[in-house]
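As provided, my_file-v1.csv (CSV, C-alpha atoms) reads as follows.
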chain,number,residue,atom,x,y,z
B,1,MET,CA,-6.5,10.9,5.5
B,2,THR,CA,-3.1,11.4,4.0
B,3,ASP,CA,-0.3,9.2,5.0
B,4,THR,CA,2.7,7.6,3.6
B,5,GLN,CA,3.1,4.0,4.7
B,6,SER,CA,6.4,2.2,4.9
B,7,PRO,CA,6.9,-0.2,2.1
B,8,GLN,CA,5.2,-3.5,2.9
B,9,ILE,CA,7.2,-5.2,5.6
B,10,THR,CA,7.7,-8.9,6.1
B,11,ARG,CA,6.3,-9.8,9.5
B,12,ASP,CA,9.0,-12.3,10.5
B,13,LEU,CA,10.6,-11.2,13.8
B,14,TYR,CA,10.3,-13.6,16.6
B,15,LEU,CA,11.7,-13.2,20.2
B,16,GLU,CA,15.1,-14.5,19.3
B,17,ASP,CA,15.4,-12.1,16.4
B,18,VAL,CA,15.3,-8.9,18.3
B,19,THR,CA,18.2,-7.2,20.1
B,20,VAL,CA,18.3,-4.3,22.6
B,21,GLY,CA,19.0,-1.2,20.5
B,22,ASP,CA,17.2,-2.4,17.4
B,23,ARG,CA,15.4,0.6,15.8
B,24,PHE,CA,12.4,0.9,13.5
B,25,VAL,CA,11.3,4.1,11.7
B,26,SER,CA,7.8,4.4,10.3
B,27,GLY,CA,6.3,6.2,7.4
B,28,GLU,CA,4.4,9.5,7.9
B,29,HIS,CA,0.9,10.6,8.8
B,30,ALA,CA,-0.1,14.2,7.9
B,31,LEU,CA,-2.6,15.6,10.4
B,32,ASP,CA,-5.1,18.4,9.8
B,33,ALA,CA,-7.7,20.3,11.8
B,34,GLU,CA,-10.6,18.2,10.5
B,35,GLN,CA,-9.0,14.9,11.7
B,36,ILE,CA,-8.3,16.5,15.1
B,37,LYS,CA,-11.9,17.6,15.5
B,38,THR,CA,-13.5,14.4,14.1
B,39,PHE,CA,-11.5,12.2,16.6
B,40,ALA,CA,-12.3,14.7,19.5
B,41,ALA,CA,-16.0,14.8,18.7
B,42,GLN,CA,-16.2,11.0,19.1
B,43,TYR,CA,-13.8,10.3,21.9
B,44,ASP,CA,-12.5,13.5,23.7
B,45,PRO,CA,-15.1,16.3,23.2
B,46,GLN,CA,-13.3,19.1,25.0
B,47,PRO,CA,-13.3,22.6,23.6
B,48,PHE,CA,-9.5,22.9,23.1
B,49,HIS,CA,-9.7,19.8,20.8
B,50,LEU,CA,-12.7,21.0,18.9
B,51,ASP,CA,-12.3,24.7,18.2
B,52,GLU,CA,-9.4,26.9,17.4
B,53,ALA,CA,-10.6,29.9,19.5
B,54,ALA,CA,-11.2,27.7,22.5
B,55,GLY,CA,-7.8,26.2,22.0
B,56,ALA,CA,-6.2,29.6,21.9
B,57,GLN,CA,-7.7,30.5,25.3
B,58,SER,CA,-6.6,27.3,26.9
B,59,LEU,CA,-3.3,26.0,28.3
B,60,PHE,CA,-2.6,24.7,24.8
B,61,GLY,CA,-2.5,28.1,23.2
B,62,GLY,CA,-4.2,26.8,20.0
B,63,LEU,CA,-6.1,23.9,18.7
B,64,ALA,CA,-4.5,20.7,20.1
B,65,ALA,CA,-5.1,17.1,19.2
B,66,SER,CA,-6.4,14.8,21.9
B,67,GLY,CA,-3.4,12.8,23.4
B,68,TRP,CA,-5.5,9.7,22.6
B,69,HIS,CA,-5.6,10.8,19.0
B,70,THR,CA,-1.9,11.1,18.9
B,71,ALA,CA,-1.7,7.7,20.5
B,72,ALA,CA,-4.0,6.1,18.0
B,73,ILE,CA,-2.0,7.6,15.0
B,74,THR,CA,1.1,6.4,16.7
B,75,MET,CA,-0.3,2.8,16.9
B,76,LYS,CA,-1.1,3.0,13.2
B,77,LEU,CA,2.4,4.0,12.3
B,78,PHE,CA,3.9,1.5,14.9
B,79,VAL,CA,1.9,-1.5,13.4
B,80,ALA,CA,3.1,-0.6,9.9
B,81,SER,CA,6.8,-0.4,11.0
B,82,MET,CA,7.3,-3.1,13.6
B,83,PRO,CA,7.6,-6.5,11.9
B,84,PHE,CA,6.8,-8.7,14.9
B,85,ALA,CA,5.7,-12.1,13.6
B,86,GLU,CA,2.6,-12.5,15.9
B,87,GLY,CA,1.6,-8.8,15.9
B,88,LEU,CA,1.9,-6.1,18.5
B,89,ILE,CA,0.3,-7.2,21.7
B,90,GLY,CA,0.7,-4.7,24.5
B,91,ALA,CA,0.6,-5.8,28.1
B,92,GLY,CA,1.0,-2.2,29.4
B,93,VAL,CA,2.2,1.2,28.4
B,94,GLU,CA,3.4,4.5,29.7
B,95,VAL,CA,2.6,7.6,27.7
B,96,THR,CA,3.6,11.3,28.1
B,97,TRP,CA,2.8,14.2,25.8
B,98,PRO,CA,5.6,16.8,26.2
B,99,LYS,CA,4.0,19.2,23.7
B,100,PRO,CA,0.5,19.3,22.1
B,101,THR,CA,0.1,17.8,18.6
B,102,ARG,CA,-1.0,20.4,16.1
B,103,ALA,CA,-3.1,20.5,12.9
B,104,ASP,CA,-0.1,21.1,10.7
B,105,ASP,CA,2.0,18.3,12.1
B,106,VAL,CA,3.3,15.5,9.9
B,107,LEU,CA,4.0,12.7,12.3
B,108,HIS,CA,6.2,9.6,12.2
B,109,VAL,CA,7.4,7.2,14.9
B,110,GLU,CA,10.8,5.9,15.8
B,111,SER,CA,10.9,2.8,18.0
B,112,THR,CA,13.8,1.4,19.9
B,113,VAL,CA,14.0,-2.0,21.7
B,114,GLN,CA,15.0,-1.2,25.3
B,115,GLU,CA,14.8,-4.5,27.1
B,116,ILE,CA,14.1,-8.2,26.4
B,117,LYS,CA,12.9,-10.6,29.1
B,118,HIS,CA,12.3,-14.2,28.4
B,119,SER,CA,9.4,-15.7,30.5
B,120,ARG,CA,10.4,-18.3,33.0
B,121,SER,CA,6.9,-19.5,33.7
B,122,ARG,CA,5.9,-19.6,30.0
B,123,PRO,CA,8.7,-20.9,27.8
B,124,GLY,CA,8.5,-19.6,24.2
B,125,ARG,CA,7.3,-16.2,25.4
B,126,GLY,CA,8.9,-13.0,26.4
B,127,ILE,CA,8.2,-9.4,27.2
B,128,VAL,CA,10.0,-6.8,25.0
B,129,THR,CA,10.0,-3.2,26.1
B,130,VAL,CA,10.0,-0.7,23.2
B,131,GLU,CA,10.3,3.1,23.4
B,132,THR,CA,8.3,4.8,20.6
B,133,LEU,CA,8.8,8.5,20.0
B,134,THR,CA,6.2,10.3,17.9
B,135,LEU,CA,7.9,13.2,16.1
B,136,ASN,CA,6.7,15.9,13.8
B,137,GLN,CA,8.4,17.2,10.6
B,138,ASP,CA,10.7,19.4,12.7
B,139,GLY,CA,11.8,16.6,14.9
B,140,GLU,CA,9.8,17.8,17.9
B,141,ILE,CA,8.6,15.1,20.2
B,142,ARG,CA,4.8,15.0,20.5
B,143,GLN,CA,4.5,11.8,22.4
B,144,ARG,CA,6.8,9.3,24.2
B,145,LEU,CA,5.4,5.8,24.6
B,146,VAL,CA,7.0,2.9,26.4
B,147,SER,CA,5.3,-0.4,25.6
B,148,ARG,CA,5.8,-3.8,27.2
B,149,MET,CA,4.9,-6.2,24.4
B,150,VAL,CA,4.4,-9.9,24.3
B,151,MET,CA,6.6,-11.7,21.8
B,152,PHE,CA,6.8,-15.4,20.9
B,153,SER,CA,9.7,-17.7,20.0
B,154,ARG,CA,10.0,-18.9,16.5
B,155,PRO,CA,7.9,-22.1,16.1
B,156,GLU,CA,10.0,-25.3,15.7
B,157,GLY,CA,10.0,-27.4,12.6
D,1,MET,CA,-22.9,4.0,18.7
D,2,THR,CA,-25.1,3.4,21.7
D,3,ASP,CA,-24.1,4.9,25.0
D,4,THR,CA,-25.7,6.3,28.1
D,5,GLN,CA,-24.2,9.5,29.2
D,6,SER,CA,-24.3,10.7,32.8
D,7,PRO,CA,-26.7,13.5,33.4
D,8,GLN,CA,-25.2,16.8,32.3
D,9,ILE,CA,-22.6,17.7,34.9
D,10,THR,CA,-21.6,21.1,36.0
D,11,ARG,CA,-17.9,21.6,35.4
D,12,ASP,CA,-17.0,23.4,38.5
D,13,LEU,CA,-14.2,21.6,40.3
D,14,TYR,CA,-11.0,23.5,40.9
D,15,LEU,CA,-7.8,22.2,42.5
D,16,GLU,CA,-9.0,23.1,46.0
D,17,ASP,CA,-12.3,21.3,45.5
D,18,VAL,CA,-10.8,17.8,45.1
D,19,THR,CA,-9.8,15.4,47.9
D,20,VAL,CA,-7.9,12.1,47.8
D,21,GLY,CA,-10.5,9.4,47.6
D,22,ASP,CA,-13.1,11.4,45.6
D,23,ARG,CA,-14.8,9.0,43.3
D,24,PHE,CA,-16.6,9.5,40.0
D,25,VAL,CA,-18.7,7.0,38.1
D,26,SER,CA,-19.5,7.4,34.4
D,27,GLY,CA,-22.4,6.4,32.2
D,28,GLU,CA,-22.2,3.4,29.9
D,29,HIS,CA,-20.9,2.6,26.4
D,30,ALA,CA,-22.1,-0.5,24.6
D,31,LEU,CA,-19.5,-1.9,22.3
D,32,ASP,CA,-20.1,-4.1,19.3
D,33,ALA,CA,-18.1,-5.9,16.7
D,34,GLU,CA,-18.6,-3.2,14.1
D,35,GLN,CA,-17.2,-0.5,16.3
D,36,ILE,CA,-14.2,-2.7,17.1
D,37,LYS,CA,-13.4,-3.4,13.5
D,38,THR,CA,-14.0,0.2,12.4
D,39,PHE,CA,-11.5,1.6,15.0
D,40,ALA,CA,-9.0,-1.1,14.2
D,41,ALA,CA,-9.2,-0.6,10.4
D,42,GLN,CA,-8.2,3.1,11.0
D,43,TYR,CA,-5.7,2.9,13.8
D,44,ASP,CA,-4.7,-0.7,14.7
D,45,PRO,CA,-5.2,-2.9,11.7
D,46,GLN,CA,-4.1,-6.2,13.1
D,47,PRO,CA,-6.0,-9.5,12.3
D,48,PHE,CA,-7.1,-10.2,15.9
D,49,HIS,CA,-8.9,-6.7,16.0
D,50,LEU,CA,-10.4,-7.1,12.6
D,51,ASP,CA,-11.7,-10.6,12.2
D,52,GLU,CA,-13.4,-13.1,14.6
D,53,ALA,CA,-11.6,-16.2,13.1
D,54,ALA,CA,-8.2,-14.5,13.3
D,55,GLY,CA,-9.0,-13.4,16.9
D,56,ALA,CA,-9.9,-17.0,17.8
D,57,GLN,CA,-6.5,-18.3,16.6
D,58,SER,CA,-4.6,-15.6,18.5
D,59,LEU,CA,-3.5,-15.1,22.1
D,60,PHE,CA,-6.8,-13.3,22.6
D,61,GLY,CA,-9.0,-16.4,21.8
D,62,GLY,CA,-11.6,-14.3,20.0
D,63,LEU,CA,-12.2,-10.9,18.5
D,64,ALA,CA,-10.6,-8.3,20.8
D,65,ALA,CA,-10.8,-4.5,20.7
D,66,SER,CA,-7.6,-2.6,20.3
D,67,GLY,CA,-6.3,-1.4,23.6
D,68,TRP,CA,-6.3,2.1,22.1
D,69,HIS,CA,-10.0,1.7,21.3
D,70,THR,CA,-10.7,0.8,24.9
D,71,ALA,CA,-8.6,3.9,25.9
D,72,ALA,CA,-10.5,6.2,23.6
D,73,ILE,CA,-13.9,5.0,24.8
D,74,THR,CA,-12.5,5.4,28.4
D,75,MET,CA,-11.6,9.0,27.6
D,76,LYS,CA,-15.1,9.7,26.3
D,77,LEU,CA,-16.7,8.3,29.5
D,78,PHE,CA,-14.1,10.0,31.7
D,79,VAL,CA,-14.7,13.4,30.1
D,80,ALA,CA,-18.4,13.1,30.7
D,81,SER,CA,-18.0,12.1,34.3
D,82,MET,CA,-15.1,14.2,35.7
D,83,PRO,CA,-16.3,17.8,36.3
D,84,PHE,CA,-12.9,19.5,36.3
D,85,ALA,CA,-13.5,23.2,35.6
D,86,GLU,CA,-10.8,23.6,33.0
D,87,GLY,CA,-11.2,20.2,31.4
D,88,LEU,CA,-9.1,17.1,31.6
D,89,ILE,CA,-5.5,17.8,30.6
D,90,GLY,CA,-3.2,14.8,30.9
D,91,ALA,CA,0.5,15.3,31.5
D,92,GLY,CA,1.2,11.5,31.4
D,93,VAL,CA,-0.5,8.2,31.9
D,94,GLU,CA,0.1,4.5,32.6
D,95,VAL,CA,-2.2,2.0,31.0
D,96,THR,CA,-2.6,-1.8,31.4
D,97,TRP,CA,-5.1,-4.1,29.8
D,98,PRO,CA,-5.6,-7.1,32.1
D,99,LYS,CA,-8.1,-8.7,29.8
D,100,PRO,CA,-9.2,-8.0,26.2
D,101,THR,CA,-12.3,-5.9,25.6
D,102,ARG,CA,-14.9,-7.9,23.8
D,103,ALA,CA,-17.7,-7.0,21.3
D,104,ASP,CA,-20.5,-7.6,23.8
D,105,ASP,CA,-18.9,-5.5,26.6
D,106,VAL,CA,-20.9,-2.6,28.0
D,107,LEU,CA,-18.3,-0.4,29.5
D,108,HIS,CA,-18.3,2.2,32.2
D,109,VAL,CA,-15.4,3.9,34.1
D,110,GLU,CA,-14.9,4.5,37.8
D,111,SER,CA,-12.3,7.2,38.7
D,112,THR,CA,-10.7,7.8,42.1
D,113,VAL,CA,-8.4,10.7,43.1
D,114,GLN,CA,-5.2,9.2,44.3
D,115,GLU,CA,-2.9,12.1,44.9
D,116,ILE,CA,-2.9,15.9,44.8
D,117,LYS,CA,0.3,17.9,44.4
D,118,HIS,CA,0.3,21.7,44.4
D,119,SER,CA,2.9,23.1,42.1
D,120,ARG,CA,5.7,25.1,43.9
D,121,SER,CA,7.0,26.7,40.8
D,122,ARG,CA,3.6,27.6,39.3
D,123,PRO,CA,1.2,28.8,42.0
D,124,GLY,CA,-2.4,28.2,41.1
D,125,ARG,CA,-1.6,24.9,39.4
D,126,GLY,CA,-1.3,21.3,40.6
D,127,ILE,CA,-1.0,17.8,39.4
D,128,VAL,CA,-3.9,15.4,40.4
D,129,THR,CA,-3.3,11.7,40.0
D,130,VAL,CA,-6.5,9.8,39.1
D,131,GLU,CA,-6.9,6.0,38.7
D,132,THR,CA,-9.6,5.2,36.2
D,133,LEU,CA,-10.9,1.6,35.9
D,134,THR,CA,-12.8,0.6,32.8
D,135,LEU,CA,-15.2,-2.2,33.7
D,136,ASN,CA,-17.7,-4.3,31.8
D,137,GLN,CA,-21.3,-5.2,32.8
D,138,ASP,CA,-19.9,-8.1,34.9
D,139,GLY,CA,-17.5,-5.9,36.8
D,140,GLU,CA,-14.5,-7.3,35.0
D,141,ILE,CA,-11.6,-4.8,34.6
D,142,ARG,CA,-10.7,-4.2,30.9
D,143,GLN,CA,-8.3,-1.4,31.5
D,144,ARG,CA,-6.5,0.3,34.3
D,145,LEU,CA,-5.5,3.9,33.6
D,146,VAL,CA,-3.5,6.1,36.0
D,147,SER,CA,-3.5,9.7,34.7
D,148,ARG,CA,-1.5,12.7,36.0
D,149,MET,CA,-3.7,15.7,35.2
D,150,VAL,CA,-3.1,19.4,35.4
D,151,MET,CA,-5.7,21.2,37.6
D,152,PHE,CA,-6.1,24.9,38.3
D,153,SER,CA,-7.0,26.9,41.4
D,154,ARG,CA,-10.3,28.7,41.4
D,155,PRO,CA,-9.8,32.2,39.9
D,156,GLU,CA,-10.0,35.0,42.4
D,157,GLY,CA,-12.7,37.6,42.4

Serialized structure, structure tokens:
Amino acid sequence: MTDTQSPQITRDLYLEDVTVGDRFVSGEHALDAEQIKTFAAQYDPQPFHLDEAAGAQSLFGGLAASGWHTAAITMKLFVASMPFAEGLIGAGVEVTWPKPTRADDVLHVESTVQEIKHSRSRPGRGIVTVETLTLNQDGEIRQRLVSRMVMFSRPEG
Amino acid sequence: MTDTQSPQITRDLYLEDVTVGDRFVSGEHALDAEQIKTFAAQYDPQPFHLDEAAGAQSLFGGLAASGWHTAAITMKLFVASMPFAEGLIGAGVEVTWPKPTRADDVLHVESTVQEIKHSRSRPGRGIVTVETLTLNQDGEIRQRLVSRMVMFSRPEG
């Protein structure tokens, strides 16, 4: 697996440290046909994710990564690029795949804070909505993910 | 990896063969701590997905599977239980994780057709919305997935 991680980030962002519009860009992950087929064999064993010829005959017009594989790679890049102090804890997500992810794609993710809601019932907690676009080396969008994530206030003292 | 697949299904359902309310139940997938940690190390390397002690100290109160791992296992069970003739091709999804997936969970999925829309611009195609619940052995919901999937009409001749 070849990928370029972001430099080690300090995980120090609490709820009060983020602002709508904040943007985070990840390192890269270079995909290949073997990775696509390995993931598909385990989790999404459909012909168009396992075989070039079957992919060519399908709606995808060629070997295509499982959307769940694109999502998993996205999460890897997202975790490495979002310095939330308590980690990335998703309450819910929406995902679309405008175009299939291909074997020669070099992926990175760009995340933007869209909304911040402080919890009324649980002080010290909030839900932060983040849009994460997964792009290839030509800037083509392979996945759009909108995540509602639990964030915590900075501990006192 | 231990899992019980459904008996081999015939992939013969076209757009005109499905009805709102149709229901499909999968075989089972037995999770364990090693699977949780292996997936997390590759795709979601956060302490609460990698280590029991770190999980216990987190919001999850114990080792928890990555939501993307639950989603990937769900896809495996979904593919094996939904006999759509041209495969399962997702245009977009919504996912929530009401409770964390645990190492001793034995998962299965139950899918229900919620909506069927025939395409006006592309005759012979439609979008079928399916709700897929991922449940453990006690009937507790670990994930709720709503997928909009491309389906095709039965070829003529």

Distance query segment 98-114 of chain D at most 9 Å, only C-alpha atoms, self and fewer than 2 positions along chain excluded, as a CSV table (one decimal) with C-alpha atoms, in the coordinates of the input:
chain,number,residue,atom,x,y,z
B,91,ALA,CA,0.6,-5.8,28.1
B,92,GLY,CA,1.0,-2.2,29.4
D,3,ASP,CA,-24.1,4.9,25.0
D,18,VAL,CA,-10.8,17.8,45.1
D,19,THR,CA,-9.8,15.4,47.9
D,20,VAL,CA,-7.9,12.1,47.8
D,21,GLY,CA,-10.5,9.4,47.6
D,22,ASP,CA,-13.1,11.4,45.6
D,23,ARG,CA,-14.8,9.0,43.3
D,24,PHE,CA,-16.6,9.5,40.0
D,25,VAL,CA,-18.7,7.0,38.1
D,26,SER,CA,-19.5,7.4,34.4
D,27,GLY,CA,-22.4,6.4,32.2
D,28,GLU,CA,-22.2,3.4,29.9
D,29,HIS,CA,-20.9,2.6,26.4
D,30,ALA,CA,-22.1,-0.5,24.6
D,31,LEU,CA,-19.5,-1.9,22.3
D,32,ASP,CA,-20.1,-4.1,19.3
D,33,ALA,CA,-18.1,-5.9,16.7
D,34,GLU,CA,-18.6,-3.2,14.1
D,35,GLN,CA,-17.2,-0.5,16.3
D,36,ILE,CA,-14.2,-2.7,17.1
D,60,PHE,CA,-6.8,-13.3,22.6
D,62,GLY,CA,-11.6,-14.3,20.0
D,63,LEU,CA,-12.2,-10.9,18.5
D,64,ALA,CA,-10.6,-8.3,20.8
D,65,ALA,CA,-10.8,-4.5,20.7
D,66,SER,CA,-7.6,-2.6,20.3
D,67,GLY,CA,-6.3,-1.4,23.6
D,70,THR,CA,-10.7,0.8,24.9
D,73,ILE,CA,-13.9,5.0,24.8
D,74,THR,CA,-12.5,5.4,28.4
D,77,LEU,CA,-16.7,8.3,29.5
D,78,PHE,CA,-14.1,10.0,31.7
D,81,SER,CA,-18.0,12.1,34.3
D,82,MET,CA,-15.1,14.2,35.7
D,96,THR,CA,-2.6,-1.8,31.4
D,116,ILE,CA,-2.9,15.9,44.8
D,128,VAL,CA,-3.9,15.4,40.4
D,129,THR,CA,-3.3,11.7,40.0
D,130,VAL,CA,-6.5,9.8,39.1
D,131,GLU,CA,-6.9,6.0,38.7
D,132,THR,CA,-9.6,5.2,36.2
D,133,LEU,CA,-10.9,1.6,35.9
D,134,THR,CA,-12.8,0.6,32.8
D,135,LEU,CA,-15.2,-2.2,33.7
D,136,ASN,CA,-17.7,-4.3,31.8
D,137,GLN,CA,-21.3,-5.2,32.8
D,138,ASP,CA,-19.9,-8.1,34.9
D,140,GLU,CA,-14.5,-7.3,35.0
D,141,ILE,CA,-11.6,-4.8,34.6
D,142,ARG,CA,-10.7,-4.2,30.9
D,143,GLN,CA,-8.3,-1.4,31.5
D,144,ARG,CA,-6.5,0.3,34.3

For chain D, list the residues within 8 Å of chain B, counting all atoms listed in the file, and write the list as a PDB file with C-alpha atoms, keeping the file's coordinate frame.
ATOM      1  CA  GLN D  42      -8.200   3.100  11.000  1.00  0.00           C
ATOM      2  CA  TYR D  43      -5.700   2.900  13.800  1.00  0.00           C
ATOM      3  CA  ASP D  44      -4.700  -0.700  14.700  1.00  0.00           C
ATOM      4  CA  PRO D  45      -5.200  -2.900  11.700  1.00  0.00           C
ATOM      5  CA  GLN D  46      -4.100  -6.200  13.100  1.00  0.00           C
ATOM      6  CA  GLY D  67      -6.300  -1.400  23.600  1.00  0.00           C
ATOM      7  CA  TRP D  68      -6.300   2.100  22.100  1.00  0.00           C
ATOM      8  CA  ALA D  71      -8.600   3.900  25.900  1.00  0.00           C
ATOM      9  CA  ALA D  72     -10.500   6.200  23.600  1.00  0.00           C
ATOM     10  CA  ILE D  73     -13.900   5.000  24.800  1.00  0.00           C
ATOM     11  CA  MET D  75     -11.600   9.000  27.600  1.00  0.00           C
ATOM     12  CA  LYS D  76     -15.100   9.700  26.300  1.00  0.00           C
ATOM     13  CA  VAL D  79     -14.700  13.400  30.100  1.00  0.00           C
ATOM     14  CA  GLY D  87     -11.200  20.200  31.400  1.00  0.00           C
ATOM     15  CA  GLY D  90      -3.200  14.800  30.900  1.00  0.00           C
ATOM     16  CA  ALA D  91       0.500  15.300  31.500  1.00  0.00           C
ATOM     17  CA  GLY D  92       1.200  11.500  31.400  1.00  0.00           C
ATOM     18  CA  VAL D  93      -0.500   8.200  31.900  1.00  0.00           C
ATOM     19  CA  GLU D  94       0.100   4.500  32.600  1.00  0.00           C
ATOM     20  CA  VAL D  95      -2.200   2.000  31.000  1.00  0.00           C
ATOM     21  CA  THR D  96      -2.600  -1.800  31.400  1.00  0.00           C
ATOM     22  CA  TRP D  97      -5.100  -4.100  29.800  1.00  0.00           C
ATOM     23  CA  PRO D  98      -5.600  -7.100  32.100  1.00  0.00           C
TER      24      PRO D  98
END

Atom CA of Phe84 of chain D and atom CA of Asp17 of chain D, how far apart in Å? 9.4 Å

What is the atom CA of Ala56 of chain D-atom CA of Tyr14 of chain B distance in Å, reported with one decimal?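 A separation of 20.5 Å between them.
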
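For the pair atom CA of Arg122 of chain B and atom CA of Arg154 of chain B, the interatomic distance is 14.1 Å.
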